[in-house]
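As structure tokens, the structure follows; a few thoughts come after it.
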Amino acid sequence: MRTITTFAALAATALLACDAAAATEAPAAPSATPVKRPSLKVCNKQADARSLTGPARAQFVKDCRDGKGTNKYSKKSS
């Protein structure tokens, strides 16, 4: 009977030790790197190069900052 009690105590101790070890592990770092967005300065330079003004410029800069395609914006004809 004593061996069963000893075995049960050892098993309980082992379970508690495993739980404590699992609780102290650091969480995994995120694997994805943050997405870099173009700066406002870069987007404004691109808008200047395309000679955009008014609402078209504002929309271009917004889309540029969001990383959306900018092919739909054409240069202003002079």
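Scheme for the structure tokens: letters A, B, ... for chains in order shown; per-chain residue numbers from 1; ligand numbers from 1 in order shown.
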Polymer residues at most 9 Å from A:Arg65, only C-alpha atoms, same-chain spacing of 6 or more positions, as a ChimeraX atom specification
/A:37-40,43
Write a file of the just-selected residues containing N, CA and C atoms, as a tab-separated table (two decimals), in the first residue's frame.
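Writing the result to part_33.tsv gives the following:
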```tsv
chain	number	residue	atom	x	y	z
A	37	ARG	N	4.77	51.12	-44.59
A	37	ARG	CA	4.00	51.98	-45.48
A	37	ARG	C	4.89	53.11	-45.96
A	38	PRO	N	4.64	53.59	-47.19
A	38	PRO	CA	5.41	54.74	-47.65
A	38	PRO	C	5.10	55.96	-46.78
A	39	SER	N	6.09	56.81	-46.59
A	39	SER	CA	5.87	58.00	-45.77
A	39	SER	C	5.05	59.02	-46.55
A	40	LEU	N	4.48	59.95	-45.82
A	40	LEU	CA	3.70	61.01	-46.43
A	40	LEU	C	4.58	61.83	-47.37
A	43	CYS	N	4.92	59.99	-50.70
A	43	CYS	CA	3.68	60.03	-51.46
A	43	CYS	C	3.43	61.43	-52.04
```
Point-to-point distance from atom CA of A:Ser51 to atom CA of A:Cys64, Å rounded to tenths
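A separation of 15.0 Å between them.
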What does the distance between atom CA of A:Lys62 and atom CA of A:Ala32 come to in Å, to one decimal place?
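These two atoms are separated by 24.3 Å.
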Quick one: pull the distance between atom CA of A:Gly69 and atom CA of A:Asn44, Å, one decimal.
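Calculated distance between atom CA of A:Gly69 and atom CA of A:Asn44 is 15.1 Å.
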Pick the closest to A:Asp66 from A:Arg2, A:Gly54, A:Lys36, A:Ala49: which is it, counting only C-alpha atoms?
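Among the listed residues, the smallest separation from A:Asp66 belongs to A:Lys36.
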